[in-house]
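Novice: Take this structure first; my questions come after.
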Amino acid sequence: MTQCTILSPTAILGYGFPEASFAAGMAMNPDLIAVDAGSTDPGPYYLGSGKSFTDRAGVKRDLRIMLTAGVPRGIPVVIGTAGGCGARPHLNWTREIIEEIAAEERLDFTMALIPSDIPHEVVLQKLGAGRVLPLEHDTPLTAETVGESPYIVGQIGVEPIQRALAAGAGVVLAGRAYDPAVFAALPIAQGLDRGLALHLGKILECAAIAATPGSGSDSVIGILFEDRFELVPLSDERAFTRESTAAHSLYEKSDPYHLPGPGGTLDLTGCSFTETAGGRVEVRGTRYVPSDLPTIKIEGARCVGYRTISIAGIRDPIMIAGLDETLSAVRARATMILERERIDGRVDIRVYGRDGVMGEWEPQRGTPAHEVGVVIDVVAETQDAANSICSLTRSTLLHYGYPGRISTAGNLAFPFSPSDLPAGPVFEFSLYHLMELDEAETKSLFPYELVRVTSRKGGPA
Amino acid sequence: MSTTHTASPRPLTELARVIRSKNSGPFTLTLDIIFSSEQEYRAIKESGQITRELIATAYRIEPETITNIVFFDPASAVKIVLPRTVASGSPGDRDVYGAQQHAPLLGLSFTLPQATPDSSRGPRR
């Protein structure tokens, strides 16, 4: 009977994990070590700028443990959404870390790189053919937006990873990947059920978050059988329970019963979750429903300006009582001066301690705090413009003579000098769309590149 | 543990073990309520007290704004799906991960129907 044992060290590469848990997982002789390295959660900046949101030292520490355990034993190590967003710079960033580790640890192996960048001309051609559809928003995509988005990635499914594994890669480093794909590619290639494999991958990509107490930085094992899968905790601290596992299907999902992905949807309506000995849970009944039309999810971000912020506190109750009027007056005064100088930008003043977190959704109104925090947030076309607007808004607010003012020396408590902090480029998600594919494209998109990683620096690439 | 004869509302914070919010992609916010007891979950679900109107009032929005309310029996949970007012991380956003938008739910309370084994199956007929 076929089965596949999969070790998931951590929820996001770089978040760390206890080595004892990882060792307990290795003692179960896994067939695969896999990790998801990314997320769109940290926002559009990282995809747009080509930077990682995870720390290099953390990623290197996690990868070192995984590679030194997997490579000498011939256990494939599969990494998805390299560098957090999976575009070419993120892939290269992670590749460099892997090559450093190989040199330091004297490891030799074949690595497959699977870039997931979609050429701009492909997106434009699909856009022209009406085959790019907005996902969960209704902003139509334009050719201009495509051009302004430096990196466009497509979420790969299991097939590109399967092709790389079949070619003999000991390590697979993929660009943007559907989170479960790194876990599910191997067992599906072995003939195990796609629905169960992907559902298991959905849980393993969050490592121990689905256990109780949950943790994004502890390792777990998943064992996939022909008719079920089993989740195994690797630390005495936590267990999988029926509730914790079922509840995980809700996490970050819009519909817990139907989870869409590349090529089809997971249907959880017939799922059962059963607790077994040793803090384990057994899951059965997940169905995979292929979609009629092959599609991939594409993501991109574009720069919309530059940000400068200023952070300050207000402790004067008279000022706090009339804060809205004061802020409107300050904005009006600053806008007047800036218009004269033709400097244009967007100013958001967030008031923490009042509605800084929820804005117009905040239900608790009319209970003034004894102190509030103010963040002046300016986004303008250039960094210089953002600096100027922030400076003017801050100085105007600092000395504004609001009605009833008795504290005439200054309105703001700045924790820092300098008070204004240039924060660099600001991005927005410009592409979050489904792109329709032709049958042939499902096989031609996302080819792998095989590279020989050797312990000697400067080896053949 | 029976509270049979009291029909006074019970705070959601007593009934639920998880009340949270999080992004589901950059444009969507999801709110999860995971109840502590399957029985109480079913009773509240079948009593029809969790409605778009209830959530809309708590969030000071129009009921039509709510994308969906899904009851997820395997976890004794309710999921509420809302469009974000600003996409995650775009200028003007206040909560990039969407992880602190659950507070209005903490003030909700629900009346449990009389807790006998049959009546907890709901006042459907």
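Residues are referred to by chain and number: the chain letter is A, B, ... according to the order shown in the structure tokens, the number counts from 1 in that chain, and ligands are numbered separately from 1 in the order shown.
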Restrict the calculation to only C-alpha atoms, then for each residue of chain A with any atom at most 9 Å from an atom of chain B give the closest atom pair and their distance in Å to one decimal, rows by chain and rising residue number, as CSV.
Specialist:
residue,atom,partner,partner_atom,distance
A:Thr40,CA,B:Gly25,CA,6.8
A:Asp41,CA,B:Tyr97,CA,5.5
A:Pro42,CA,B:Tyr97,CA,6.5
A:Gly43,CA,B:Gly89,CA,4.9
A:Pro44,CA,B:Gly89,CA,6.1
A:Tyr45,CA,B:Gly89,CA,7.6
A:Leu135,CA,B:Phe27,CA,8.7
A:Glu136,CA,B:Phe27,CA,6.3
A:His137,CA,B:Phe27,CA,6.4
A:Arg242,CA,B:Ala75,CA,8.0
A:Glu243,CA,B:Ala75,CA,5.4
A:Ser244,CA,B:Ala75,CA,7.7
A:Thr245,CA,B:Ala75,CA,8.2
A:Ala246,CA,B:Ala75,CA,5.1
A:Ala247,CA,B:Ala75,CA,4.9
A:His248,CA,B:Ala75,CA,8.5
A:Ser249,CA,B:Ala75,CA,8.6
A:Leu250,CA,B:Asp32,CA,7.3
A:Tyr251,CA,B:Lys22,CA,7.9
A:Glu252,CA,B:Ser24,CA,4.5
A:Lys253,CA,B:Ser24,CA,5.3
A:Ser254,CA,B:Val81,CA,6.2
A:Asp255,CA,B:Val70,CA,7.0
A:Pro256,CA,B:Phe72,CA,6.9
A:Tyr257,CA,B:Phe72,CA,7.6
A:Cys271,CA,B:Pro74,CA,8.4
A:Ser272,CA,B:Pro74,CA,7.9
A:Phe273,CA,B:Pro74,CA,8.0
A:Val304,CA,B:Pro91,CA,8.4
A:Arg346,CA,B:Pro91,CA,8.2
A:Val347,CA,B:Gly92,CA,8.7
A:Asp348,CA,B:Gly92,CA,6.5
A:Arg350,CA,B:Arg94,CA,8.3
A:Gly356,CA,B:Arg94,CA,7.1
A:Val357,CA,B:Arg94,CA,5.7
A:Met358,CA,B:Gln101,CA,6.5
A:Gly359,CA,B:Arg94,CA,7.7
A:Glu360,CA,B:Arg60,CA,7.7
A:Trp361,CA,B:Tyr59,CA,5.1
A:Glu362,CA,B:Tyr59,CA,7.0
A:Pro363,CA,B:Tyr59,CA,6.5
A:Gln364,CA,B:Pro104,CA,8.5
A:Asp377,CA,B:Gly92,CA,8.4
A:Val378,CA,B:Pro91,CA,8.7
A:Val379,CA,B:Pro91,CA,7.1
A:Val426,CA,B:Pro91,CA,7.6
A:Phe427,CA,B:Ser90,CA,6.5
A:Glu428,CA,B:Ser90,CA,4.8
A:Phe429,CA,B:Ser90,CA,7.4
A:Tyr432,CA,B:Pro26,CA,8.3
Novice: Write out as a list in words all residues of region 59-92 of chain B that DSSP puts in helix (DSSP H, G or I) for this structure's backbone.
Specialist: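 Selection result, helix (DSSP H, G or I) within region 59-92 of chain B: Tyr59, Pro63, Glu64, Thr65, Asp73, Pro74 and Ala75 of chain B.
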Novice: Excluding Thr286 (chain A) and any residue of its chain fewer than 2 positions from it, enumerate the residues within 10 Å of it, using only C-alpha atoms, and give them as a VMD selection string.
Specialist: chain A and resid 193 to 200 227 to 228 257 266 to 272 283 to 284 288 to 289
Novice: Please compute the CA of Asp355 (chain A)-CA of Leu106 (chain B) distance, one decimal, in Å.
Specialist: 16.3 Å
